[in-house]
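One file, work_0.cif, is given below (mmCIF, C-alpha atoms and all ligand atoms).
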data_target
#
loop_
_atom_site.label_atom_id
_atom_site.label_comp_id
_atom_site.auth_asym_id
_atom_site.auth_seq_id
_atom_site.Cartn_x
_atom_site.Cartn_y
_atom_site.Cartn_z
CA MET A 1 -1.82 -21.75 -21.69
CA PRO A 2 -0.40 -19.26 -19.10
CA THR A 3 2.15 -20.68 -16.67
CA ASN A 4 -0.10 -19.59 -13.78
CA ALA A 5 -3.31 -21.25 -15.09
CA ALA A 6 -3.58 -23.61 -12.11
CA GLN A 7 -3.09 -20.77 -9.62
CA ILE A 8 -5.71 -18.64 -11.41
CA GLU A 9 -8.26 -21.43 -11.17
CA GLU A 10 -7.47 -21.93 -7.50
CA LEU A 11 -7.72 -18.23 -6.67
CA ARG A 12 -10.59 -17.01 -8.84
CA TRP A 13 -13.59 -15.94 -6.70
CA LYS A 14 -11.86 -17.04 -3.51
CA LYS A 15 -12.64 -14.41 -0.88
CA PHE A 16 -9.75 -13.42 1.36
CA SER A 17 -11.11 -11.79 4.52
CA VAL A 18 -9.80 -8.38 5.51
CA LEU A 19 -10.78 -6.43 8.67
CA ASP A 20 -14.04 -7.64 10.25
CA ASP A 21 -16.31 -7.87 7.20
CA GLY A 22 -14.23 -6.92 4.16
CA PHE A 23 -12.60 -9.06 1.52
CA VAL A 24 -10.54 -9.06 -1.65
CA CYS A 25 -11.22 -11.53 -4.39
CA LEU A 26 -9.57 -12.20 -7.76
CA VAL A 27 -12.04 -12.11 -10.64
CA ASP A 28 -9.82 -12.31 -13.70
CA VAL A 29 -6.21 -12.10 -14.85
CA MET A 30 -4.61 -11.53 -18.19
CA GLY A 31 -0.95 -12.59 -18.23
CA ASP A 32 1.78 -14.18 -16.17
CA ASP A 33 5.51 -13.62 -15.57
CA GLN A 34 6.06 -14.77 -19.16
CA ALA A 35 3.77 -12.03 -20.53
CA VAL A 36 6.12 -9.42 -19.06
CA VAL A 37 9.11 -11.14 -20.65
CA GLN A 38 7.32 -11.48 -23.98
CA ALA A 39 6.47 -7.76 -24.06
CA ALA A 40 10.02 -6.77 -23.12
CA ARG A 41 11.55 -8.90 -25.87
CA VAL A 42 9.76 -6.80 -28.48
CA SER A 43 12.00 -3.92 -27.42
CA TYR A 44 15.18 -5.90 -26.82
CA GLY A 45 14.81 -8.57 -29.54
CA GLU A 46 16.05 -12.11 -29.51
CA GLY A 47 19.50 -10.89 -28.41
CA THR A 48 18.33 -10.73 -24.80
CA ARG A 49 17.79 -14.49 -24.78
CA GLN A 50 21.54 -15.01 -24.80
CA VAL A 51 22.47 -12.41 -22.22
CA SER A 52 19.67 -12.82 -19.79
CA ASP A 53 17.21 -15.51 -18.70
CA ASP A 54 13.59 -14.65 -17.98
CA ARG A 55 14.16 -14.06 -14.28
CA GLY A 56 17.17 -11.85 -14.96
CA LEU A 57 15.20 -9.86 -17.52
CA ILE A 58 12.26 -9.26 -15.16
CA ARG A 59 14.64 -8.19 -12.41
CA TYR A 60 16.49 -5.87 -14.80
CA LEU A 61 13.21 -4.27 -15.93
CA LEU A 62 12.00 -3.63 -12.39
CA ARG A 63 15.40 -2.42 -11.17
CA HIS A 64 15.68 0.07 -14.02
CA ARG A 65 12.02 1.13 -13.92
CA HIS A 66 11.40 -0.06 -17.47
CA THR A 67 7.75 -0.30 -16.62
CA THR A 68 5.69 -0.75 -19.80
CA PRO A 69 6.11 -4.56 -20.04
CA PHE A 70 4.35 -4.81 -16.65
CA GLU A 71 1.42 -2.85 -18.07
CA MET A 72 0.70 -5.76 -20.45
CA VAL A 73 -0.67 -7.75 -17.51
CA GLU A 74 -4.12 -6.92 -16.14
CA LEU A 75 -5.91 -8.03 -12.97
CA LYS A 76 -9.53 -7.60 -11.97
CA PHE A 77 -10.66 -7.81 -8.35
CA LEU A 78 -13.88 -7.61 -6.39
CA VAL A 79 -13.27 -5.81 -3.10
CA ARG A 80 -15.37 -4.98 -0.03
CA VAL A 81 -13.90 -2.05 1.87
CA PRO A 82 -15.07 0.49 4.51
CA MET A 83 -15.71 3.86 2.88
CA ASP A 84 -12.94 5.69 4.76
CA THR A 85 -10.40 3.18 3.48
CA TRP A 86 -11.98 3.26 0.03
CA ARG A 87 -11.48 7.01 0.00
CA GLN A 88 -7.71 6.45 0.19
CA TRP A 89 -7.83 3.55 -2.24
CA ILE A 90 -9.74 5.47 -4.91
CA ARG A 91 -6.99 8.11 -5.10
CA HIS A 92 -5.10 5.65 -7.30
CA ARG A 93 -6.32 6.99 -10.61
CA THR A 94 -4.76 4.42 -12.88
CA ALA A 95 -7.34 1.71 -12.14
CA ASN A 96 -10.79 1.13 -13.66
CA VAL A 97 -13.54 1.11 -11.07
CA ASN A 98 -17.19 0.17 -10.88
CA GLU A 99 -18.66 0.68 -7.43
CA TYR A 100 -21.85 -0.50 -5.74
CA SER A 101 -24.42 2.30 -6.03
CA THR A 102 -26.19 3.46 -2.88
CA ARG A 103 -28.35 5.69 -5.08
CA TYR A 104 -29.71 2.63 -6.84
CA SER A 105 -29.56 0.01 -4.06
CA LEU A 106 -29.85 0.03 -0.30
CA ALA A 107 -26.54 0.71 1.43
CA ILE A 108 -24.69 -2.45 2.48
CA ASP A 109 -25.84 -3.25 5.99
CA ALA A 110 -22.37 -3.62 7.49
CA ALA A 111 -19.91 -1.21 9.03
CA GLN A 112 -16.35 -1.80 10.14
CA ARG A 113 -16.18 -2.15 13.92
CA THR A 114 -13.05 -1.62 15.94
CA PRO A 115 -12.42 -4.22 18.65
CA ALA A 116 -11.58 -2.82 22.09
CA HIS A 117 -7.87 -3.71 21.83
CA GLN A 118 -7.44 -2.08 18.41
CA TRP A 119 -7.89 1.62 19.22
CA ARG A 120 -4.62 3.43 18.50
CA SER A 121 -3.23 6.60 20.06
CA GLN A 122 -2.21 9.60 17.95
CA ALA A 123 1.49 9.29 17.01
CA ALA A 124 3.65 11.86 18.77
CA SER A 125 6.24 12.14 16.00
CA ASN A 126 4.08 11.85 12.89
CA ARG A 127 0.91 13.92 12.59
CA GLN A 128 -0.47 11.48 10.05
CA GLY A 129 0.15 8.27 11.95
CA SER A 130 -0.83 6.12 14.89
CA GLY A 131 1.13 5.38 18.04
CA ASP A 132 0.72 2.61 20.60
CA ALA A 133 -2.54 0.85 21.45
CA LEU A 134 -4.78 2.70 23.90
CA PRO A 135 -5.51 1.07 27.30
CA ALA A 136 -8.01 -1.80 27.23
CA ASP A 137 -10.67 -0.15 29.47
CA LEU A 138 -10.68 2.97 27.30
CA GLY A 139 -10.89 0.71 24.24
CA GLN A 140 -13.99 -0.95 25.67
CA ASP A 141 -15.69 2.43 26.15
CA LEU A 142 -14.78 3.49 22.62
CA SER A 143 -16.07 0.25 21.08
CA ALA A 144 -19.33 0.48 23.04
CA ALA A 145 -19.86 4.10 21.91
CA GLU A 146 -19.08 3.04 18.34
CA ALA A 147 -21.70 0.27 18.46
CA GLU A 148 -24.30 2.76 19.72
CA LEU A 149 -23.52 5.29 16.98
CA LEU A 150 -23.60 2.64 14.23
CA ALA A 151 -26.96 1.32 15.43
CA GLN A 152 -28.40 4.85 15.58
CA ALA A 153 -27.13 5.79 12.15
CA ARG A 154 -28.53 2.61 10.64
CA GLN A 155 -31.91 3.11 12.31
CA LEU A 156 -32.12 6.65 10.97
CA TYR A 157 -31.24 5.42 7.47
CA GLN A 158 -33.90 2.66 7.64
CA ARG A 159 -36.49 5.13 8.91
CA ARG A 160 -35.80 7.55 6.07
CA ILE A 161 -36.13 4.69 3.54
CA GLU A 162 -39.45 3.59 5.12
CA LEU A 163 -40.72 7.17 5.01
CA GLY A 164 -40.02 7.26 1.27
CA VAL A 165 -36.87 9.39 1.24
CA ALA A 166 -34.81 8.79 -1.90
CA ARG A 167 -31.94 6.35 -1.34
CA GLU A 168 -29.48 8.95 -2.69
CA GLN A 169 -30.49 11.34 0.11
CA ALA A 170 -31.23 8.86 2.88
CA ARG A 171 -27.60 7.69 2.87
CA LYS A 172 -26.03 11.05 3.67
CA ASP A 173 -25.53 10.40 7.39
CA LEU A 174 -24.22 6.86 7.13
CA PRO A 175 -20.81 6.62 8.79
CA LEU A 176 -17.61 6.33 6.78
CA SER A 177 -17.12 2.90 8.31
CA THR A 178 -19.99 1.56 6.12
CA TYR A 179 -18.73 -1.06 3.69
CA THR A 180 -18.84 -0.55 -0.05
CA GLU A 181 -18.05 -3.02 -2.84
CA ALA A 182 -16.36 -2.44 -6.17
CA TYR A 183 -14.79 -4.12 -9.13
CA TRP A 184 -11.24 -2.82 -9.43
CA LYS A 185 -9.17 -3.50 -12.55
CA ILE A 186 -5.56 -2.41 -12.85
CA ASP A 187 -2.41 -3.32 -14.75
CA LEU A 188 0.49 -4.97 -12.95
CA HIS A 189 2.75 -1.90 -13.08
CA ASN A 190 0.20 0.34 -11.37
CA LEU A 191 -0.81 -2.42 -8.97
CA LEU A 192 2.80 -2.71 -7.80
CA HIS A 193 2.86 1.07 -7.35
CA PHE A 194 -0.32 0.84 -5.27
CA LEU A 195 1.12 -2.02 -3.21
CA ALA A 196 4.44 -0.24 -2.65
CA LEU A 197 2.62 2.81 -1.26
CA ARG A 198 -0.11 1.03 0.64
CA MET A 199 1.86 -1.91 2.12
CA ASP A 200 4.36 0.60 3.46
CA SER A 201 4.48 1.31 7.19
CA HIS A 202 3.54 4.96 6.51
CA ALA A 203 0.15 3.92 5.08
CA GLN A 204 -2.83 3.64 7.41
CA TRP A 205 -3.12 0.24 9.11
CA GLU A 206 -6.52 -0.55 7.58
CA ILE A 207 -5.52 -0.05 3.93
CA ARG A 208 -2.26 -1.86 4.68
CA GLN A 209 -4.28 -4.97 5.55
CA TYR A 210 -5.95 -4.84 2.13
CA ALA A 211 -2.73 -4.16 0.21
CA THR A 212 -0.82 -6.90 2.04
CA THR A 213 -3.59 -9.42 1.40
CA LEU A 214 -3.76 -8.51 -2.31
CA GLY A 215 0.01 -8.74 -2.60
CA GLU A 216 0.79 -11.80 -0.52
CA GLN A 217 -2.29 -13.92 -1.26
CA ILE A 218 -2.92 -13.10 -4.91
CA VAL A 219 -0.05 -11.33 -6.71
CA ARG A 220 2.71 -13.42 -5.15
CA PRO A 221 1.43 -16.87 -6.29
CA LEU A 222 0.36 -15.58 -9.72
CA PHE A 223 3.61 -13.74 -10.53
CA PRO A 224 6.36 -15.38 -8.44
CA ILE A 225 9.30 -13.88 -10.35
CA VAL A 226 7.84 -10.36 -10.52
CA TRP A 227 6.92 -10.57 -6.83
CA GLU A 228 10.43 -11.64 -5.83
CA ALA A 229 11.92 -8.67 -7.74
CA PHE A 230 9.29 -6.30 -6.30
CA VAL A 231 10.13 -7.35 -2.74
CA ASP A 232 13.88 -7.08 -3.40
CA TYR A 233 13.80 -3.66 -5.07
CA ARG A 234 10.72 -1.90 -3.75
CA VAL A 235 9.51 -3.42 -0.49
CA GLN A 236 12.81 -4.29 1.16
CA GLY A 237 15.09 -2.10 -0.94
CA MET A 238 16.35 1.27 0.22
CA PHE A 239 16.67 4.58 -1.61
CA LEU A 240 19.69 6.70 -0.77
CA THR A 241 19.64 10.43 -1.60
CA ARG A 242 22.73 12.51 -2.50
CA LEU A 243 22.85 13.82 1.07
CA ASP A 244 22.57 10.28 2.49
CA CYS A 245 25.45 9.14 0.26
CA GLU A 246 27.65 12.07 1.25
CA LEU A 247 26.96 11.49 4.94
CA ILE A 248 27.73 7.77 4.65
CA GLU A 249 30.99 8.53 2.83
CA ARG A 250 32.11 10.91 5.60
CA LEU A 251 30.99 8.50 8.30
CA VAL A 252 32.83 5.53 6.80
CA ARG A 253 36.03 7.60 6.49
CA ARG A 254 35.72 8.73 10.12
CA LEU A 255 35.13 5.18 11.41
CA ALA A 256 37.98 3.74 9.29
CA ALA A 257 40.38 6.41 10.58
CA GLU A 258 39.49 5.47 14.15
CA GLY A 259 39.31 1.70 13.55
CA ARG A 260 35.67 1.42 14.59
CA ALA A 261 32.89 -0.60 12.94
CA ARG A 262 29.74 1.13 14.22
CA ALA A 263 28.94 4.79 14.57
CA THR A 264 27.36 6.62 17.49
CA ASP A 265 24.80 9.39 17.15
CA ASP A 266 27.59 11.94 17.74
CA ASP A 267 29.47 10.48 14.73
CA PHE A 268 26.26 10.70 12.72
CA LEU A 269 25.71 14.35 13.62
CA ALA A 270 29.37 15.21 12.95
CA ALA A 271 29.08 13.66 9.47
CA GLN A 272 25.80 15.36 8.52
CA PRO A 273 25.81 17.65 5.48
CA PRO A 274 25.86 21.46 6.03
CA GLU A 275 22.24 21.60 4.75
CA TRP A 276 21.10 19.83 7.94
CA ALA A 277 23.64 21.08 10.46
CA GLU A 278 21.76 24.32 11.20
CA LEU A 279 18.38 22.65 11.57
CA LYS A 280 17.03 21.85 15.02
CA ARG A 281 14.60 19.29 13.60
CA SER A 282 14.82 17.62 10.23
CA ARG A 283 12.61 14.81 9.02
CA GLU A 284 15.07 14.07 6.22
CA ARG A 285 17.89 13.67 8.76
CA ASP A 286 15.70 11.38 10.90
CA GLU A 287 14.93 9.25 7.85
CA CYS A 288 18.65 9.03 7.03
CA ARG A 289 19.35 7.97 10.61
CA GLU A 290 16.72 5.21 10.29
CA LYS A 291 18.41 3.97 7.11
CA LEU A 292 21.79 3.71 8.84
CA VAL A 293 20.27 1.85 11.79
CA LYS A 294 18.67 -0.56 9.29
CA LEU A 295 22.06 -1.04 7.62
CA GLY A 296 23.63 -1.82 10.99
CA MET A 297 26.02 1.14 10.75
CA LEU A 298 24.56 3.16 13.61
CA ASP A 299 23.77 2.15 17.18
C1 LIG B 301 1.21 7.54 3.21
C2 LIG B 301 0.34 8.37 2.31
C3 LIG B 301 -0.16 9.58 2.76
C4 LIG B 301 -0.97 10.37 1.93
N1 LIG B 301 -1.47 11.54 2.40
C5 LIG B 301 -2.28 12.29 1.61
C6 LIG B 301 -2.84 13.54 2.07
O1 LIG B 301 -2.59 13.94 3.20
N2 LIG B 301 -3.65 14.23 1.25
C7 LIG B 301 -3.95 13.81 -0.03
O2 LIG B 301 -4.68 14.48 -0.74
N3 LIG B 301 -3.43 12.64 -0.49
C8 LIG B 301 -2.61 11.88 0.28
N4 LIG B 301 -2.11 10.70 -0.20
C9 LIG B 301 -2.48 10.27 -1.56
C10 LIG B 301 -1.31 10.50 -2.54
O3 LIG B 301 -0.97 11.88 -2.63
C11 LIG B 301 -1.70 9.96 -3.93
O4 LIG B 301 -2.81 10.68 -4.42
C12 LIG B 301 -2.05 8.49 -3.92
O5 LIG B 301 -1.10 7.76 -3.18
C13 LIG B 301 -2.10 7.97 -5.33
O6 LIG B 301 -0.78 7.93 -5.82
P1 LIG B 301 -0.46 8.13 -7.35
O7 LIG B 301 -1.00 9.44 -7.84
O8 LIG B 301 1.02 7.94 -7.49
O9 LIG B 301 -1.24 6.89 -7.98
P2 LIG B 301 -2.08 6.77 -9.32
O10 LIG B 301 -3.18 7.75 -9.33
O11 LIG B 301 -2.40 5.32 -9.49
O12 LIG B 301 -1.06 7.19 -10.42
C14 LIG B 301 0.08 6.38 -10.69
C15 LIG B 301 1.09 7.26 -11.39
O13 LIG B 301 0.54 7.68 -12.64
C16 LIG B 301 0.92 9.01 -12.90
N5 LIG B 301 -0.29 9.83 -13.02
C17 LIG B 301 -1.56 9.45 -12.75
N6 LIG B 301 -2.40 10.44 -13.02
C18 LIG B 301 -1.65 11.48 -13.43
C19 LIG B 301 -1.94 12.81 -13.83
N7 LIG B 301 -3.19 13.28 -13.86
N8 LIG B 301 -0.92 13.59 -14.18
C20 LIG B 301 0.36 13.15 -14.15
N9 LIG B 301 0.70 11.91 -13.77
C21 LIG B 301 -0.30 11.09 -13.42
C22 LIG B 301 1.83 9.46 -11.77
O14 LIG B 301 3.16 9.19 -12.10
C23 LIG B 301 1.41 8.56 -10.64
O15 LIG B 301 2.42 8.36 -9.66
C24 LIG B 301 -1.29 9.92 0.61
C25 LIG B 301 -0.77 8.70 0.17
C26 LIG B 301 0.03 7.92 0.99
C27 LIG B 301 0.56 6.59 0.47
#
Will you turn the file into structure tokens for me?
Amino acid sequence: MPTNAAQIEELRWKKFSVLDDGFVCLVDVMGDDQAVVQAARVSYGEGTRQVSDDRGLIRYLLRHRHTTPFEMVELKFLVRVPMDTWRQWIRHRTANVNEYSTRYSLAIDAAQRTPAHQWRSQAASNRQGSGDALPADLGQDLSAAEAELLAQARQLYQRRIELGVAREQARKDLPLSTYTEAYWKIDLHNLLHFLALRMDSHAQWEIRQYATTLGEQIVRPLFPIVWEAFVDYRVQGMFLTRLDCELIERLVRRLAAEGRARATDDDFLAAQPPEWAELKRSRERDECREKLVKLGMLD
């Protein structure tokens, strides 16, 4: 009997709402925290029992990217996702997918609608991202225009179907906001990789809602020890590059020599490696700056 049997029973087929009409739902699971430990002990043998408890072993595996024991655990989900978000989701090639067919069946009669307060401006600093919310009155216009377009597109689709056009052709002008459904099966290692990328603040807001729901509502209660390690090392951990380390070393020496605890931006720029010094703009330098602010070293 898996240690998470009660949680599986509680979660199976429970639909967690995402966006306005989407959901994620656990269908099946093979394995628990113990299954990861069991797989790892094949490689390390009984000896590990003395040096490390189960929690310590799971944390060691995740910290050192010894990933295959996590592949012994499998999860199957049913998900309902707008097609534009699905297009990002499906890039994760290490899952098994079976998607609702709009060649065989009528397209799902639902499209993701954006409420007036949820329209986002284009980010100034990141070409791929969003900035602040747009003003409410503009949002209302945008949502009204969206409703009109969705109604028109649906009417056209229905008309084509009624006129006998094949479903596979009738669908071609449906908007990307149309919902699709799919079974999605993936092992725990690749699921954590998906979650790390798609829960991250750099991922688009919509897919982030799905990833966060999958992670927090389903993976966390089913695999409490793995989840704790994942949050510690991947979600809230920080990766320092060689250049980051060199800069920090110089900065710490400079602050210690002057008896100061926190650096200013001038200190930061003075400590930067020669690779960055000549550059007017550097994304890598900006990312390093963000890390130091997070660490409380930089004002
Ligand atoms: C913030 C963000 C922005 C993005 N922007 C873009 C974009 O602008 N354009 C774009 O096209 N994509 C973009 N992507 C998608 C991204 O490039 C990846 O395709 C996607 O995140 C899937 O990652 P993956 O390949 O690591 O995952 P998976 O496909 O699940 O693969 C997991 C791991 O398995 C290994 N693997 C899988 N298949 C192979 C293979 N064939 N050969 C070798 N190793 C393999 C790799 O180690 C891989 O990391 C973006 C993703 C994110 C998170």
Atomic distance atom CA of Lys15 of chain A - atom CA of Glu206 of chain A, expressed in Å with one decimal
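These two atoms are separated by 17.4 Å.
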I'd like the neighbourhood of Asp54 of chain A as a PyMOL selection string, where a residue qualifies if any of its atoms comes within 9 Å (using all atoms listed in the file), though same-chain residues fewer than 4 positions away should be ignored.
chain A and resi 33-34+37+49+58-59+225
If you count all atoms listed in the file, the residue of A:His117, A:Gln236, A:Pro274, A:Arg87 closest to Lys294 of chain A turns out to be A:Gln236
Within 8 Å of ligand LIG 301 (chain B), which residues of chain A show up? Give each one with its shortest atom-to-atom distance in Å (one decimal) and the two atoms involved, counting only C-alpha atoms and all ligand atoms, rows by chain then rising residue number, as a tab-separated table.
residue	atom	partner	partner_atom	distance
A:Gln88	CA	B:LIG301	C9	6.7
A:Trp89	CA	B:LIG301	C12	7.8
A:Arg91	CA	B:LIG301	C13	4.9
A:His92	CA	B:LIG301	O11	3.5
A:Arg93	CA	B:LIG301	O10	3.5
A:Thr94	CA	B:LIG301	O11	4.2
A:Ala95	CA	B:LIG301	O11	6.7
A:Gln128	CA	B:LIG301	C3	7.5
A:Asn190	CA	B:LIG301	O11	5.9
A:Leu191	CA	B:LIG301	O11	7.9
A:His193	CA	B:LIG301	C14	6.9
A:Phe194	CA	B:LIG301	O11	6.5
A:Leu197	CA	B:LIG301	C27	4.6
A:Arg198	CA	B:LIG301	C27	5.6
A:Asp200	CA	B:LIG301	C1	7.6
A:His202	CA	B:LIG301	C1	4.8
A:Ala203	CA	B:LIG301	C1	4.2
A:Gln204	CA	B:LIG301	C1	7.0
What's around Glu181 of chain A at 10 Å? Count only C-alpha atoms, leave out sequence neighbours fewer than 2 positions away in its own chain, and write the answer as a PyMOL selection string.
chain A and resi 22-24+78-83+86+98-101+108+179+183-184
Suppose you want the space between atom CA of Thr213 of chain A and atom CA of Cys25 of chain A; what is it in Å?
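Taking atom CA of Thr213 of chain A and atom CA of Cys25 of chain A, their separation equals 9.8 Å.
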Atom CA of Ala107 of chain A and atom CA of Gln140 of chain A are how many Å apart?
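According to the coordinates, atom CA of Ala107 of chain A and atom CA of Gln140 of chain A are separated by 27.3 Å.
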Near Met1 of chain A, within 12 Å and counting all atoms listed in the file, which residues show up once chain neighbours fewer than 2 positions away are dropped, as a VMD selection string?
chain A and resid 3 to 6 8 30 to 32 34 to 35
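Closest to Asp187 of chain A among A:Val231, A:Leu149, A:Ala256, A:Val219 is A:Val219, based on all atoms listed in the file.
If all atoms listed in the file are the atoms counted, then among A:Arg55, A:Arg63, A:Pro69, A:Arg260 the closest residue to Arg41 of chain A is A:Pro69.
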Of the candidates A:Glu162, A:Ala147, A:Phe230, A:Val235, which shows the shortest atom-to-atom distance to His64 of chain A, using all atoms listed in the file?
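Once distances to His64 of chain A are computed over all atoms listed in the file, the minimum belongs to A:Phe230.
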From the set A:Asp266, A:Asp53, A:Glu71, A:Glu9, which residue has the shortest atom-to-atom contact distance to His189 of chain A, counting only C-alpha atoms?
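Closest candidate: A:Glu71.
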Among listed residues A:Gln158, A:Gln112, A:Thr85, A:Gln272, nearest Ile207 of chain A (using all atoms listed in the file):
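Going through A:Gln158, A:Gln112, A:Thr85, A:Gln272 one by one, the smallest distance to Ile207 of chain A is for A:Thr85.
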Might I get the box with edges along x, y and z of the file that holds all atoms of segment 162-168 of chain A listed there, padded by 4 Å on every side, given as centre and edge lengths in Å to one decimal, as AutoDock Vina command-line options?
--center_x -35.1 --center_y 6.5 --center_z 1.2 --size_x 19.2 --size_y 13.8 --size_z 15.8
